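One file, protein06.txt, is given below (compact mmCIF, C-alpha atoms).
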# COMPACT_ATOMS: atom_id res chain seq x y z
CA MET N 1 0.00 0.00 0.00
CA PRO N 2 1.69 3.16 -1.07
CA ASN N 3 -0.36 5.81 0.60
CA THR N 4 -2.44 6.34 3.65
CA GLY N 5 -5.95 7.02 2.66
CA THR N 6 -9.22 5.29 1.91
CA ARG N 7 -12.33 6.12 0.05
CA PRO N 8 -15.95 5.24 0.58
CA ARG N 9 -18.61 4.72 -2.03
CA GLN N 10 -18.18 6.50 -5.28
CA ALA N 11 -14.76 7.27 -3.98
CA ARG N 12 -14.90 10.78 -2.86
CA GLY N 13 -12.38 11.30 -0.17
CA VAL N 14 -13.00 11.37 3.51
CA MET N 15 -10.19 9.70 5.40
CA THR N 16 -6.93 11.53 5.87
CA VAL N 17 -4.04 9.21 6.04
CA GLY N 18 -1.17 11.49 6.79
CA LEU N 19 2.34 10.30 5.90
CA ALA N 20 2.34 6.97 4.16
CA LEU N 21 4.72 4.54 5.77
CA ALA N 22 6.78 2.01 3.82
CA VAL N 23 5.80 -1.55 4.68
CA THR N 24 7.37 -4.95 4.01
CA ALA N 25 6.93 -6.76 0.73
CA GLY N 26 6.47 -3.47 -1.07
CA LEU N 27 2.85 -3.34 -0.03
CA PHE N 28 2.88 0.33 0.82
CA THR N 29 4.93 3.01 -0.81
CA ALA N 30 5.90 6.19 0.90
CA ALA N 31 3.43 8.97 0.25
CA PRO N 32 3.05 12.52 1.50
CA ALA N 33 0.94 13.16 4.52
CA ALA N 34 -2.66 14.23 4.24
CA GLN N 35 -4.86 11.77 2.44
CA ALA N 36 -8.63 11.65 2.24
CA ILE N 37 -11.43 9.08 2.08
CA SER N 38 -12.91 9.22 -1.32
CA GLY N 39 -16.44 8.23 -0.59
CA GLU N 40 -19.86 9.76 -0.23
CA SER N 41 -20.39 13.21 1.25
CA ALA N 42 -21.56 13.00 4.85
CA ALA N 43 -24.66 14.83 6.02
CA ALA N 44 -23.90 18.23 7.47
CA SER N 45 -24.62 17.10 11.03
CA ALA N 46 -23.17 13.59 10.76
CA HIS N 47 -20.02 12.71 12.66
CA ALA N 48 -19.52 16.31 13.76
CA PHE N 49 -16.70 15.12 16.03
CA THR N 50 -14.50 14.67 12.93
CA ALA N 51 -11.97 17.49 12.57
CA GLN N 52 -10.05 18.78 9.58
CA LEU N 53 -6.40 19.47 10.39
CA HIS N 54 -4.24 22.12 8.68
CA ILE N 55 -0.54 21.48 9.29
CA GLY N 56 2.28 23.72 8.10
CA GLU N 57 2.09 26.82 5.94
CA GLY N 58 2.64 27.81 2.33
CA GLU N 59 3.64 25.20 -0.21
CA ALA N 60 4.59 22.78 2.56
CA ALA N 61 1.10 22.84 4.09
CA ARG N 62 -0.77 19.55 4.31
CA GLY N 63 -4.05 18.24 5.67
CA CYS N 64 -5.09 15.44 7.97
CA SER N 65 -8.22 14.42 9.86
CA ALA N 66 -8.94 13.66 13.53
CA ALA N 67 -11.70 12.82 16.00
CA LEU N 68 -12.76 14.84 19.05
CA VAL N 69 -12.51 12.55 22.11
CA HIS N 70 -12.75 15.26 24.78
CA GLN N 71 -13.82 18.90 24.63
CA GLN N 72 -10.18 20.00 24.23
CA TRP N 73 -8.49 16.90 22.80
CA LEU N 74 -8.40 15.20 19.41
CA LEU N 75 -7.19 11.70 18.58
CA THR N 76 -5.32 11.39 15.28
CA ALA N 77 -2.21 9.92 13.63
CA THR N 78 1.21 10.89 14.98
CA SER N 79 2.63 10.83 11.44
CA CYS N 80 0.58 13.89 10.55
CA PHE N 81 2.90 16.01 12.69
CA ALA N 82 6.27 14.83 11.38
CA SER N 83 8.22 17.85 10.13
CA THR N 84 9.42 15.71 7.21
CA SER N 85 8.36 12.26 6.03
CA GLY N 86 9.48 9.64 8.53
CA ALA N 87 10.82 12.15 11.06
CA ALA N 88 10.28 11.50 14.77
CA VAL N 89 7.53 13.47 16.48
CA LYS N 90 8.40 14.78 19.93
CA PRO N 91 5.76 15.46 22.58
CA GLY N 92 4.92 19.10 23.15
CA LYS N 93 4.22 22.01 20.86
CA PRO N 94 3.84 20.96 17.18
CA ALA N 95 6.96 21.53 15.10
CA LEU N 96 4.77 23.14 12.40
CA LYS N 97 1.96 25.64 12.89
CA SER N 98 -1.14 23.48 13.22
CA ARG N 99 -4.86 24.20 13.40
CA ALA N 100 -8.05 22.15 13.63
CA THR N 101 -11.48 22.97 12.23
CA LEU N 102 -14.68 21.47 13.65
CA GLY N 103 -17.83 22.93 12.14
CA LYS N 104 -17.39 26.69 12.14
CA GLN N 105 -14.61 26.76 14.74
CA THR N 106 -10.91 26.79 13.88
CA LEU N 107 -8.48 26.54 16.80
CA ASP N 108 -4.72 26.27 17.16
CA ILE N 109 -3.25 22.93 18.14
CA VAL N 110 -0.93 23.64 21.07
CA GLU N 111 0.29 20.22 22.13
CA VAL N 112 0.95 16.78 20.64
CA VAL N 113 1.20 13.67 22.83
CA PRO N 114 2.27 10.67 20.69
CA ARG N 115 2.11 7.03 21.67
CA ASP N 116 5.31 5.08 21.17
CA ASP N 117 3.73 1.80 20.06
CA ARG N 118 1.50 2.86 17.14
CA ASP N 119 0.66 5.75 14.80
CA VAL N 120 -1.64 7.47 17.29
CA ALA N 121 -1.42 10.82 19.07
CA MET N 122 -3.56 12.99 21.31
CA VAL N 123 -3.51 16.67 20.33
CA ARG N 124 -4.74 19.52 22.52
CA LEU N 125 -6.71 22.47 21.21
CA ALA N 126 -6.09 26.00 22.45
CA GLU N 127 -9.66 26.17 23.81
CA PRO N 128 -12.40 23.63 24.54
CA ILE N 129 -15.05 22.83 21.91
CA THR N 130 -18.38 23.01 23.74
CA THR N 131 -20.80 22.65 20.81
CA VAL N 132 -19.76 19.17 19.66
CA LYS N 133 -20.23 15.85 21.47
CA PRO N 134 -16.98 13.85 21.58
CA VAL N 135 -16.96 10.30 20.23
CA GLU N 136 -16.49 7.39 22.63
CA LEU N 137 -13.65 4.90 22.17
CA ALA N 138 -14.49 1.27 21.47
CA ALA N 139 -13.54 -1.25 24.14
CA ASP N 140 -13.59 -4.33 21.90
CA ALA N 141 -11.11 -5.27 19.18
CA PRO N 142 -12.13 -5.15 15.51
CA GLU N 143 -13.23 -8.56 14.23
CA THR N 144 -12.36 -10.06 10.86
CA GLY N 145 -15.27 -9.61 8.47
CA GLU N 146 -16.99 -6.76 10.30
CA THR N 147 -17.67 -3.49 8.52
CA LEU N 148 -16.35 -0.18 9.81
CA LEU N 149 -17.30 3.29 8.63
CA GLY N 150 -14.34 5.44 7.63
CA ALA N 151 -14.48 9.22 7.60
CA GLY N 152 -12.13 12.03 6.64
CA PHE N 153 -11.53 15.33 4.89
CA GLY N 154 -8.99 13.94 2.42
CA ARG N 155 -8.72 14.06 -1.33
CA THR N 156 -11.54 12.47 -3.34
CA ARG N 157 -11.73 11.19 -6.90
CA THR N 158 -12.46 14.68 -8.16
CA GLN N 159 -11.26 17.15 -5.49
CA TRP N 160 -7.80 18.00 -4.19
CA VAL N 161 -8.93 19.79 -1.04
CA PRO N 162 -12.56 19.03 -0.18
CA ASN N 163 -14.11 21.05 2.63
CA GLN N 164 -16.81 18.49 3.28
CA LEU N 165 -16.52 15.28 5.27
CA HIS N 166 -16.73 12.06 3.25
CA THR N 167 -17.43 8.57 4.52
CA GLY N 168 -17.18 5.03 3.23
CA GLU N 169 -17.45 1.43 4.36
CA PHE N 170 -14.39 -0.75 4.99
CA GLN N 171 -14.22 -4.44 5.72
CA VAL N 172 -11.85 -5.72 8.41
CA ASP N 173 -9.39 -8.20 6.88
CA SER N 174 -7.15 -8.86 9.90
CA ALA N 175 -5.77 -7.25 13.04
CA THR N 176 -2.61 -7.17 15.14
CA ASP N 177 -2.29 -5.81 18.67
CA THR N 178 -1.86 -2.29 17.32
CA THR N 179 -3.17 -2.23 13.72
CA VAL N 180 -6.14 -3.32 11.65
CA ALA N 181 -6.06 -4.06 7.91
CA LEU N 182 -9.10 -2.88 5.94
CA THR N 183 -10.40 -3.01 2.38
CA GLY N 184 -12.65 -0.27 1.03
CA GLN N 185 -16.07 -1.40 -0.18
CA ASN N 186 -17.97 -0.05 -3.20
CA GLY N 187 -15.08 2.16 -4.24
CA ALA N 188 -14.30 3.62 -0.83
CA SER N 189 -10.63 4.45 -0.30
CA VAL N 190 -8.39 6.34 2.12
CA CYS N 191 -6.71 9.25 0.33
CA LYS N 192 -4.31 12.07 1.14
CA GLY N 193 -5.79 14.24 3.87
CA ASP N 194 -7.62 11.35 5.54
CA THR N 195 -4.73 10.31 7.74
CA GLY N 196 -5.73 10.42 11.39
CA GLY N 197 -9.43 10.30 10.56
CA PRO N 198 -11.75 7.90 12.36
CA ALA N 199 -12.76 4.33 11.56
CA LEU N 200 -16.06 3.84 13.35
CA ARG N 201 -18.12 0.91 14.55
CA ARG N 202 -21.87 1.36 14.46
CA LYS N 203 -23.44 0.70 17.86
CA GLY N 204 -27.19 1.08 17.68
CA ALA N 205 -27.94 4.69 16.80
CA GLU N 206 -24.43 5.74 17.85
CA VAL N 207 -20.89 5.05 16.68
CA GLU N 208 -17.67 4.37 18.57
CA LEU N 209 -14.07 5.01 17.56
CA THR N 210 -12.18 1.83 16.71
CA ALA N 211 -9.12 3.02 14.77
CA VAL N 212 -7.53 5.98 12.96
CA HIS N 213 -6.28 6.02 9.37
CA SER N 214 -2.55 5.52 9.07
CA ARG N 215 -1.58 4.40 5.53
CA SER N 216 -3.21 3.06 2.38
CA TRP N 217 -2.93 2.27 -1.32
CA GLN N 218 -5.00 5.36 -2.24
CA GLY N 219 -6.85 3.46 -4.93
CA ASP N 220 -8.79 5.75 -7.29
CA CYS N 221 -7.88 8.89 -5.33
CA LEU N 222 -7.39 12.00 -7.45
CA GLY N 223 -3.93 12.02 -9.00
CA GLU N 224 -3.30 8.31 -8.34
CA THR N 225 -3.21 5.40 -10.80
CA GLU N 226 -3.48 2.70 -8.11
CA THR N 227 -6.77 0.78 -7.95
CA ARG N 228 -6.32 -1.16 -4.70
CA THR N 229 -8.42 0.18 -1.81
CA GLY N 230 -6.66 -1.52 1.09
CA ALA N 231 -5.50 0.42 4.14
CA VAL N 232 -3.84 -0.12 7.49
CA ASN N 233 -5.27 1.77 10.46
CA ALA N 234 -3.90 2.20 13.97
CA ARG N 235 -6.15 0.63 16.59
CA VAL N 236 -7.49 2.83 19.39
CA ASP N 237 -9.93 0.39 20.98
CA GLY N 238 -8.89 -0.17 24.58
CA LEU N 239 -6.99 3.15 24.79
CA ALA N 240 -9.64 4.94 26.86
CA GLY N 241 -7.42 4.75 29.96
CA TRP N 242 -4.48 6.34 28.15
CA VAL N 243 -6.71 9.05 26.70
CA LYS N 244 -8.02 9.84 30.19
CA ASP N 245 -4.50 9.93 31.64
CA VAL N 246 -3.35 12.36 28.94
CA ARG N 247 -6.22 14.80 29.28
CA ASN N 248 -6.25 14.65 33.07
CA ARG N 249 -2.67 15.85 33.38
CA ASP N 250 -4.07 19.37 33.51
CA ARG N 251 -4.78 20.34 37.12
CA SER N 252 -7.89 22.36 37.91
CA HIS N 253 -8.49 24.64 40.88
CA SER N 254 -11.32 26.94 41.96
CA ALA N 255 -10.58 30.39 43.38
CA ASP N 256 -11.87 33.95 43.06
CA ILE N 257 -9.18 35.46 40.86
CA ASP N 258 -10.91 38.67 39.73
CA GLY N 259 -12.36 39.65 43.12
CA ASP N 260 -16.04 39.62 42.13
CA GLY N 261 -16.97 37.18 44.89
CA LYS N 262 -17.45 34.21 42.54
CA ALA N 263 -15.06 31.31 42.20
CA ASP N 264 -13.29 31.17 38.85
CA LEU N 265 -11.77 28.10 37.16
CA VAL N 266 -7.97 28.02 37.30
CA VAL N 267 -6.23 25.41 35.15
CA LEU N 268 -2.55 24.48 35.23
CA ARG N 269 -1.95 23.23 31.68
CA THR N 270 0.53 20.57 30.72
CA ASN N 271 2.57 23.21 28.85
CA GLY N 272 3.07 25.10 32.13
CA ASP N 273 0.54 27.89 31.58
CA VAL N 274 -1.80 28.90 34.40
CA VAL N 275 -5.06 29.76 32.64
CA VAL N 276 -7.96 31.55 34.33
CA HIS N 277 -11.55 31.08 33.11
CA ARG N 278 -13.68 33.83 34.68
CA ASN N 279 -16.98 32.86 36.26
CA LEU N 280 -19.75 34.51 34.18
CA GLY N 281 -22.58 33.16 36.33
CA ASP N 282 -23.93 30.57 33.93
CA SER N 283 -20.67 29.67 32.19
CA PHE N 284 -16.90 30.12 32.35
CA ALA N 285 -15.27 32.56 29.95
CA PRO N 286 -12.51 31.56 27.50
CA GLY N 287 -9.21 31.18 29.30
CA ARG N 288 -6.64 33.92 29.86
CA VAL N 289 -3.02 33.04 30.64
CA MET N 290 -1.88 34.75 33.86
CA SER N 291 1.42 32.92 34.35
CA GLY N 292 3.67 30.39 32.65
CA GLY N 293 6.57 28.04 33.20
CA TRP N 294 4.89 25.72 35.71
CA ASP N 295 4.92 22.47 33.70
CA ARG N 296 7.13 20.76 36.30
CA PHE N 297 4.51 21.43 39.00
CA LEU N 298 1.86 19.18 37.46
CA THR N 299 2.66 15.93 39.24
CA TRP N 300 3.78 17.48 42.56
CA LYS N 301 6.73 15.07 42.42
CA ASP N 302 9.03 17.15 40.23
CA LEU N 303 9.53 20.74 41.42
CA GLY N 304 6.51 21.23 43.66
CA ARG N 305 2.86 22.27 43.65
CA LEU N 306 0.65 25.35 43.43
CA TYR N 307 -2.25 26.61 45.55
CA PHE N 308 -4.58 29.58 45.01
CA ALA N 309 -6.01 31.59 47.92
CA ASP N 310 -6.43 35.22 48.96
CA VAL N 311 -3.45 35.77 51.24
CA ASP N 312 -3.32 39.59 51.35
CA GLY N 313 -7.05 40.14 51.91
CA ASP N 314 -7.82 42.17 48.77
CA GLY N 315 -10.49 39.72 47.60
CA LYS N 316 -8.40 38.26 44.76
CA ALA N 317 -6.69 34.89 45.01
CA ASP N 318 -2.91 34.91 45.14
CA MET N 319 -0.66 32.06 44.02
CA LEU N 320 1.19 30.02 46.66
CA VAL N 321 4.22 28.16 45.34
CA HIS N 322 5.23 25.12 47.41
CA THR N 323 8.60 23.96 46.12
CA LYS N 324 10.26 20.60 46.62
CA ASP N 325 12.80 22.12 49.02
CA GLY N 326 9.89 22.75 51.42
CA ASN N 327 9.64 26.51 50.96
CA ILE N 328 6.32 28.31 50.41
CA ALA N 329 6.32 31.63 48.56
CA VAL N 330 3.31 33.90 47.99
CA ARG N 331 2.95 35.53 44.58
CA THR N 332 0.52 38.44 44.90
CA ASN N 333 -2.36 38.84 42.43
CA ARG N 334 -1.76 42.00 40.37
CA GLY N 335 -4.94 41.73 38.30
CA THR N 336 -3.40 40.45 35.08
CA HIS N 337 -0.58 38.39 36.58
CA TRP N 338 0.98 37.17 39.82
CA ASP N 339 4.17 38.95 40.86
CA SER N 340 7.57 37.35 41.53
CA GLY N 341 6.61 36.54 45.13
CA LYS N 342 8.04 36.51 48.65
CA HIS N 343 9.03 33.70 51.01
CA TRP N 344 6.43 33.03 53.74
CA SER N 345 7.27 29.64 55.26
CA GLY N 346 9.65 26.68 55.06
CA GLY N 347 10.21 23.09 56.07
CA TRP N 348 7.30 21.56 54.15
CA ASP N 349 9.18 19.25 51.79
CA LEU N 350 7.41 16.16 53.18
CA PHE N 351 3.94 17.63 52.60
CA LEU N 352 3.96 17.73 48.79
CA THR N 353 2.36 14.44 47.79
CA TRP N 354 0.11 13.91 50.84
CA LYS N 355 1.68 10.45 51.27
CA ASP N 356 4.59 11.33 53.56
CA LEU N 357 3.81 13.52 56.57
CA GLY N 358 0.50 15.04 55.50
CA ARG N 359 -1.02 17.79 53.38
CA LEU N 360 -1.56 21.54 53.42
CA TYR N 361 -4.62 23.70 52.68
CA PHE N 362 -5.11 27.46 52.58
CA ALA N 363 -8.33 29.22 53.62
CA ASP N 364 -9.54 32.06 55.88
CA VAL N 365 -10.07 30.56 59.35
CA ASP N 366 -10.24 33.62 61.62
CA GLY N 367 -12.53 35.72 59.40
CA ASP N 368 -10.13 38.55 58.65
CA GLY N 369 -10.38 37.97 54.90
CA LYS N 370 -6.85 36.54 54.61
CA ALA N 371 -6.08 32.87 54.01
CA ASP N 372 -4.42 30.94 56.82
CA MET N 373 -2.50 27.66 56.52
CA PHE N 374 -4.03 24.32 57.51
CA VAL N 375 -1.54 21.59 58.39
CA HIS N 376 -3.19 18.16 58.27
CA THR N 377 -0.74 15.53 59.49
CA MET N 378 -0.90 11.78 58.95
CA ASP N 379 -1.92 11.18 62.58
CA GLY N 380 -5.19 13.05 61.93
CA ARG N 381 -4.34 16.31 63.66
CA VAL N 382 -5.37 19.55 61.91
CA ALA N 383 -3.42 22.63 63.00
CA VAL N 384 -4.06 26.18 61.82
CA ARG N 385 -1.16 28.57 61.28
CA THR N 386 -2.53 32.11 61.30
CA ASN N 387 -1.69 34.59 58.53
CA ARG N 388 0.51 37.34 60.04
CA ASN N 389 0.71 39.42 56.83
CA THR N 390 4.25 38.34 55.93
CA TYR N 391 4.35 34.79 57.34
CA PHE N 392 2.23 32.02 58.90
CA ASP N 393 2.76 31.64 62.65
CA SER N 394 3.57 28.44 64.55
CA GLY N 395 -0.12 27.59 64.84
CA LYS N 396 -2.23 25.43 67.12
CA VAL N 397 -4.03 22.12 66.80
CA MET N 398 -7.75 22.74 66.38
CA ILE N 399 -9.05 19.17 65.88
CA THR N 400 -7.98 15.54 65.57
CA LEU N 401 -9.91 13.60 62.97

What does this structure look like when you write it as structure tokens?
Amino acid sequence: MPNTGTRPRQARGVMTVGLALAVTAGLFTAAPAAQAISGESAAASAHAFTAQLHIGEGEAARGCSAALVHQQWLLTATSCFASTSGAAVKPGKPALKSRATLGKQTLDIVEVVPRDDRDVAMVRLAEPITTVKPVELAADAPETGETLLGAGFGRTRTQWVPNQLHTGEFQVDSATDTTVALTGQNGASVCKGDTGGPALRRKGAEVELTAVHSRSWQGDCLGETETRTGAVNARVDGLAGWVKDVRNRDRSHSADIDGDGKADLVVLRTNGDVVVHRNLGDSFAPGRVMSGGWDRFLTWKDLGRLYFADVDGDGKADMLVHTKDGNIAVRTNRGTHWDSGKHWSGGWDLFLTWKDLGRLYFADVDGDGKADMFVHTMDGRVAVRTNRNTYFDSGKVMITL
């Protein structure tokens, strides 16, 4: 199979295959990324979770497809993000400027998290998509002889860059632990631009994501002389746990950041940004970055952890930085950012993970509007160290749980 794309009926182009990978026995030949499923046009509202990817700029630009599996995460093919054919893809910010379009929304792709055992990657959007329902991942392996529905924004028989989703049926020929071999039915084929697009199993009135397009023969795709409609997809059934682990690396907090008396949503992103979503009463506003460089504070086991509480009593939550050396610094809320901070306490290196000596909390205990420090030790004692404006005092035990 030379390329990575497949087409559905009447071969129009829906599945994007991304970079075609060379395979043994000359089955697949290397092909440029971005293939599409040449099949029938999908209804406007069908499979709205399928995204069109735009990777790179100018003459080097290429297209791929993807599936929304969480409001801010897409599942696609890692090969789509290789800077050159066959190049390794590192986790983090895409090497090339990358965007994703779902419906009428186009958002930047800000992070790529590849798997190391198959052509699959999670990619994070700059903002959540709230108008589209994500697709669920299949739990069961594809079975030989079953029919999957392929979808993508790739090349069709007659179009180089279609802006409409196309779909087609593919029969499962065989499967390994990480891949599934398919053959397009009724002229369906995976073409350039389809790479990363979804292969779906019908489940009652719904569908579930079974695999993503990886490489194909590109039979009958525009510009190709090949007639074979076979393709190899990367399996994603059974990856729900990995998907959850990836998207849950962000850490969320609630605190009144803007001083309006309502708790806002504060998110520490995996790229180290601290993003604040203001509380609008019935929704949270799009995020605004107030600080950066905190990526090594996500797990609490690397450099430390962050807390958010109003320490100076001005009604706006400050940032408390608890570093691995046990020090706690307070970075004051300046409206649009937190300042460089001052040291307030030390000796808390065994309170970072909650599994050693205990855990810390910050909240106003004495009613003066300024957050105090709770020290909850492993023996059940809860002590409160009162906020003295520039430090927390030695405290007293208030209860044993």

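Shown here are all protein and nucleic acid residues lying within 6 Å of (5.8, 24.3, 8.3), with only C-alpha atoms considered: Gly56, Glu57 and Leu96 of chain N.
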
Point-to-point distance in Å for CA of Ala234 (chain N) and CA of Asn163 (chain N):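 Those two atoms sit 24.3 Å apart.
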
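Residues lying within 12 Å of Phe351 (chain N), counting all atoms listed in the file and ignoring same-chain neighbours fewer than 3 positions away, are N:Trp300, N:Lys301, N:Gly304, N:Arg305, N:His322, N:Thr323, N:Lys324, N:Asp325, N:Gly326, N:Asn327, N:Ile328, N:Gly346, N:Gly347, N:Trp348, N:Trp354, N:Lys355, N:Asp356, N:Leu357, N:Gly358, N:Arg359, N:Leu360, N:Tyr361, N:Phe374, N:Val375, N:His376, N:Thr377, N:Met378.
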
Contact residues around Leu265 (chain N) with only C-alpha atoms at 9 Å, ignoring same-chain residues under 6 positions, as a PyMOL selection string: chain N and resi 252-257+275-279+284+287

Surrounding residues of Val69 (chain N) excluding itself and chain neighbours under 2 positions, 7 Å, only C-alpha atoms, as a list of chain:residue names: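 Residues near the query, excluding close chain neighbours: N:Ala67, N:Gln71, N:Trp73, N:Leu74, N:Leu75, N:Pro134, N:Val135, N:Glu136.
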
Residue nearest Phe81 (chain N) among N:Val330, N:Cys64, N:Val243, N:Met373 (counting all atoms listed in the file):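 Of N:Val330, N:Cys64, N:Val243, N:Met373, the one nearest Phe81 (chain N) is N:Cys64, counting all atoms listed in the file.
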
Among the residues N:Ala371, N:Arg62, N:Ala139, N:Leu352, the one that comes closest to Asp302 (chain N) [using all atoms listed in the file]: N:Leu352

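Closest to Gly150 (chain N) among N:His47, N:Arg99, N:Lys133, N:Arg247 is N:His47, based on all atoms listed in the file.
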
Length of the CA of Leu107 (chain N) to CA of Ala126 (chain N) vector [Å]: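 Between these atoms lies a distance of 6.2 Å.
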
Among listed residues N:Gly204, N:Val382, N:Ala231, N:Glu143, nearest Gly184 (chain N) (using only C-alpha atoms): N:Ala231

CA of Val123 (chain N) to CA of Thr76 (chain N), distance in Å rounded to a single decimal: 7.5 Å

Lys93 (chain N) surroundings by only C-alpha atoms, 12 Å radius, close-in-sequence under 4 positions cut, as a PyMOL selection string: chain N and resi 81+89+97-99+108-114+122-126+270-272
